[in-house]
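Chemist: Have a look at this one before I ask anything.
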Amino acid sequence: MSLVIEIDSLVKVYNGRRAKRALDSITFTVERGDLFGFLGPNGAGKTTTIRILATLLEPTDGTAIIDGHDIRDDPIAIRDIIGYSPENPGFYPTMRGRDHLLYWAEFYGIPKAERRRQAKDLLALVDLEEDADTKLKAYSHGMRQRLALAQALLNDPPILILDEPAGGLDPAGMRFFRELMKRFNSEGKTIFLSSHLLSEVEMTCKTVGVIHRGKMMEVSGLSTLQNRIAQTRETSIHVETDDLSEKAVAAVRSMEGVLDVEVSGASLVIRVEANSELAADINSTLLAHGARVRSLKQQEVSLEDVFVALTEGS
Ligand SMILES: Nc1ncnc2c1ncn2[C@@H]1O[C@H](COP(=O)(O)OP(=O)(O)OP(=O)(O)O)[C@@H](O)[C@H]1O
Ligand SMILES: [Mg+2]
């Protein structure tokens with residue numbers, strides 16, 4: 001497994017009227033082919049990290065290496081292999097969508113003959129063909145986000161570094177974006193994206209890094225993170241039954257590890273202690289008391305839970 005991003009003891013102090021330690025020695029890596037979600041609340045240090053990776057901001061200390069290139073020694077090589085979209089992409093209001101891509105294609109040194117073809121293909125990819133000749137001041141937020149993504153894709157970079165690319169998108173826009181990310185990833189691109197949208201990262205990414213107040217809290221596969229939290233928190237089990245009797249409910253209520261049982265009609269919500277693997281036992285207890293179990297579902301841990309558990313008290 002090779003590493004595409006290697007961040008080691010990265011520090012960023014902004015020297016304003018009051019010095020601000022935005023990154024407090026963060027260390028983590030991203031593997032080739034990953035779809036990495038960089039998750040953190042407002043002010044956590046996501047944009048700072050991403051701007052350093054995009055070679056737009058100098059770190060105060062520490063190193064960052066992208067595909068073997070050090071951001072300090074080799075920024076030009078890095079700009080050749082990454083596609084970057086900023087948190088707030090800047091546009092010339094009177095420029096048209098297609099011209100925006102042509103302009104940046106020229107800026108990136110893409111040969112003239114290639115530029116038109118790339119602009120056309122990318123506008124189609126992000127579903128902006130019909131607005132290719134619309135002025136950018138008339139673009140909606142979602143259209144701007146998609147254009148910024150198209151810009152990041154100029155020259156087909158193997159690594160995408162995207163700062164809140166799905167911020168402010170509506171559900172349909174999110175789904176569109178998510179599917180694009182998964183497709184690029186399956187085609188071999190390594191994707192590093194930041195978000196404070198927990199559900200979005202959960203639905204999109206393979207690996208999650210959680211940053212809070214300039215420190216990395218956790219980097220792991222999504223399910224590892226979910227399991228870890230599941231072990232430390234109570235969960236609930238939802239059961240649908242036929243022929244539920246008072247006796248069956250009482251039997252479940254008296255099981256070890258069961259904290260509480262809520263009954264509504266033939267449905268049960270059973271709150272259980274952390275890390276108790278009670279689903280099978282609950283099933284057999286109900287059956288033993290004449291209740292037929294139609295479905296039994298353990299509540300999944302959301303990233304919201306993960307996030308709260310990792311950041312609370314710090
Ligand atoms: N140019 C700057 N000068 C001084 N402080 C800054 C500057 N840019 C960011 N900061 C501070 O650094 C910290 C991290 O900011 P950063 O923009 O990296 O956070 P973020 O995780 O991207 O947040 P958001 O989700 O709001 O975009 C914040 O406390 C912020 O106020
Ligand atoms: Mg930010």
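Residue numbering restarts at 1 in every chain; chains get A, B, ... in the order shown in the structure tokens, and ligands count up from 1 in that same order.
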At a cut-off of 7 Å, can you tabulate as CSV every residue of chain A near ligand 1 together with its closest atom pair and the distance in Å to one decimal, using only C-alpha atoms and all ligand atoms and ordering rows by chain then number?
Modeler:
```
residue,atom,partner,partner_atom_place_in_ligand_line,distance
A:Tyr14,CA,ligand 1,4 (C),4.8
A:Asn15,CA,ligand 1,4 (C),6.6
A:Gly16,CA,ligand 1,4 (C),5.7
A:Lys20,CA,ligand 1,5 (N),5.7
A:Arg21,CA,ligand 1,12 (O),6.9
A:Ala22,CA,ligand 1,12 (O),4.2
A:Gly40,CA,ligand 1,21 (O),6.0
A:Pro41,CA,ligand 1,25 (O),5.4
A:Asn42,CA,ligand 1,25 (O),3.3
A:Gly43,CA,ligand 1,19 (O),3.4
A:Ala44,CA,ligand 1,21 (O),3.7
A:Gly45,CA,ligand 1,18 (O),3.2
A:Lys46,CA,ligand 1,21 (O),3.7
A:Thr47,CA,ligand 1,22 (O),3.6
A:Thr48,CA,ligand 1,18 (O),3.6
A:Thr49,CA,ligand 1,18 (O),6.4
A:His196,CA,ligand 1,25 (O),6.2
A:Gly214,CA,ligand 1,14 (C),6.9
```
Chemist: Now that the selection is made, can you save its residues with C-alpha atoms as an mmCIF file, in the first residue's frame?
Modeler:
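What landed in again.cif:
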```
data_model
loop_
_atom_site.group_PDB
_atom_site.id
_atom_site.type_symbol
_atom_site.label_atom_id
_atom_site.label_comp_id
_atom_site.auth_asym_id
_atom_site.auth_seq_id
_atom_site.Cartn_x
_atom_site.Cartn_y
_atom_site.Cartn_z
ATOM 1 C CA TYR A 14 -1.163 32.610 12.245
ATOM 2 C CA ASN A 15 0.548 35.731 13.439
ATOM 3 C CA GLY A 16 -2.153 38.303 13.842
ATOM 4 C CA LYS A 20 -3.352 31.673 16.626
ATOM 5 C CA ARG A 21 -2.106 28.066 16.640
ATOM 6 C CA ALA A 22 -4.467 26.738 13.973
ATOM 7 C CA GLY A 40 -14.199 18.783 11.839
ATOM 8 C CA PRO A 41 -16.329 21.633 13.140
ATOM 9 C CA ASN A 42 -15.902 25.261 12.096
ATOM 10 C CA GLY A 43 -12.466 26.580 12.920
ATOM 11 C CA ALA A 44 -10.947 23.117 13.433
ATOM 12 C CA GLY A 45 -8.127 23.686 10.952
ATOM 13 C CA LYS A 46 -9.434 21.950 7.809
ATOM 14 C CA THR A 47 -8.940 24.833 5.390
ATOM 15 C CA THR A 48 -5.542 25.608 6.903
ATOM 16 C CA THR A 49 -4.403 22.018 6.316
ATOM 17 C CA HIS A 196 -18.428 19.337 8.625
ATOM 18 C CA GLY A 214 -5.994 21.965 15.435
#
```
Chemist: Just list the residues in region 192-292 of chain A DSSP gives strand (DSSP E) on the backbone, as number ranges by chain.
Modeler: A: 192-195, 207-212, 215-221, 235-242, 258-264, 267-272, 292
Chemist: Which residues of region 9-121 of chain A have any atom within 12 Å of an atom in region 153-156 of chain A when counting only C-alpha atoms, and what is the closest pair of atoms for each, with the distance in Å to one decimal? Order the rows by chain and rising number and write it as JSON lines.
Modeler:
```
{"residue": "A:Arg79", "atom": "CA", "partner": "A:Asn155", "partner_atom": "CA", "distance": 10.9}
{"residue": "A:Asp80", "atom": "CA", "partner": "A:Asn155", "partner_atom": "CA", "distance": 8.5}
{"residue": "A:Ile81", "atom": "CA", "partner": "A:Asp156", "partner_atom": "CA", "distance": 8.5}
{"residue": "A:Ile82", "atom": "CA", "partner": "A:Leu153", "partner_atom": "CA", "distance": 8.8}
{"residue": "A:Gly83", "atom": "CA", "partner": "A:Leu153", "partner_atom": "CA", "distance": 5.7}
{"residue": "A:Tyr84", "atom": "CA", "partner": "A:Leu153", "partner_atom": "CA", "distance": 8.1}
{"residue": "A:Ser85", "atom": "CA", "partner": "A:Leu153", "partner_atom": "CA", "distance": 9.1}
{"residue": "A:His100", "atom": "CA", "partner": "A:Leu154", "partner_atom": "CA", "distance": 11.4}
{"residue": "A:Leu101", "atom": "CA", "partner": "A:Leu154", "partner_atom": "CA", "distance": 7.9}
{"residue": "A:Leu102", "atom": "CA", "partner": "A:Leu154", "partner_atom": "CA", "distance": 9.5}
{"residue": "A:Tyr103", "atom": "CA", "partner": "A:Leu154", "partner_atom": "CA", "distance": 11.0}
{"residue": "A:Trp104", "atom": "CA", "partner": "A:Leu154", "partner_atom": "CA", "distance": 8.2}
{"residue": "A:Ala105", "atom": "CA", "partner": "A:Leu154", "partner_atom": "CA", "distance": 6.6}
{"residue": "A:Glu106", "atom": "CA", "partner": "A:Leu154", "partner_atom": "CA", "distance": 10.2}
{"residue": "A:Phe107", "atom": "CA", "partner": "A:Leu154", "partner_atom": "CA", "distance": 10.6}
{"residue": "A:Tyr108", "atom": "CA", "partner": "A:Leu154", "partner_atom": "CA", "distance": 8.3}
{"residue": "A:Gly109", "atom": "CA", "partner": "A:Asn155", "partner_atom": "CA", "distance": 9.4}
{"residue": "A:Ile110", "atom": "CA", "partner": "A:Asn155", "partner_atom": "CA", "distance": 7.2}
{"residue": "A:Pro111", "atom": "CA", "partner": "A:Asn155", "partner_atom": "CA", "distance": 10.1}
{"residue": "A:Glu114", "atom": "CA", "partner": "A:Asn155", "partner_atom": "CA", "distance": 9.2}
{"residue": "A:Arg115", "atom": "CA", "partner": "A:Leu154", "partner_atom": "CA", "distance": 8.8}
{"residue": "A:Arg116", "atom": "CA", "partner": "A:Leu154", "partner_atom": "CA", "distance": 11.1}
{"residue": "A:Arg117", "atom": "CA", "partner": "A:Leu154", "partner_atom": "CA", "distance": 10.6}
{"residue": "A:Gln118", "atom": "CA", "partner": "A:Leu154", "partner_atom": "CA", "distance": 6.9}
{"residue": "A:Ala119", "atom": "CA", "partner": "A:Leu154", "partner_atom": "CA", "distance": 7.9}
{"residue": "A:Lys120", "atom": "CA", "partner": "A:Leu154", "partner_atom": "CA", "distance": 10.9}
{"residue": "A:Asp121", "atom": "CA", "partner": "A:Leu154", "partner_atom": "CA", "distance": 9.9}
```
Chemist: Go through A:Ile7, A:Ile211, A:Ile76, A:Val293 and flag the residue nearest ligand 2, using only C-alpha atoms and all ligand atoms for the distances.
Modeler: A:Ile211
Chemist: Nearest residue to ligand 2 out of A:Ala138, A:Met143, A:Leu193, A:Leu244, using only C-alpha atoms and all ligand atoms?
Modeler: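 The closest residue to ligand 2 is A:Leu193.
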Chemist: Compare A:Asp34, A:Lys297, A:Thr63, A:Ser220 by their minimum atom-to-atom distance to Ser2 (chain A), counting only C-alpha atoms, and give me the closest one.
Modeler: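 The answer is A:Asp34, which sits nearest to Ser2 (chain A).
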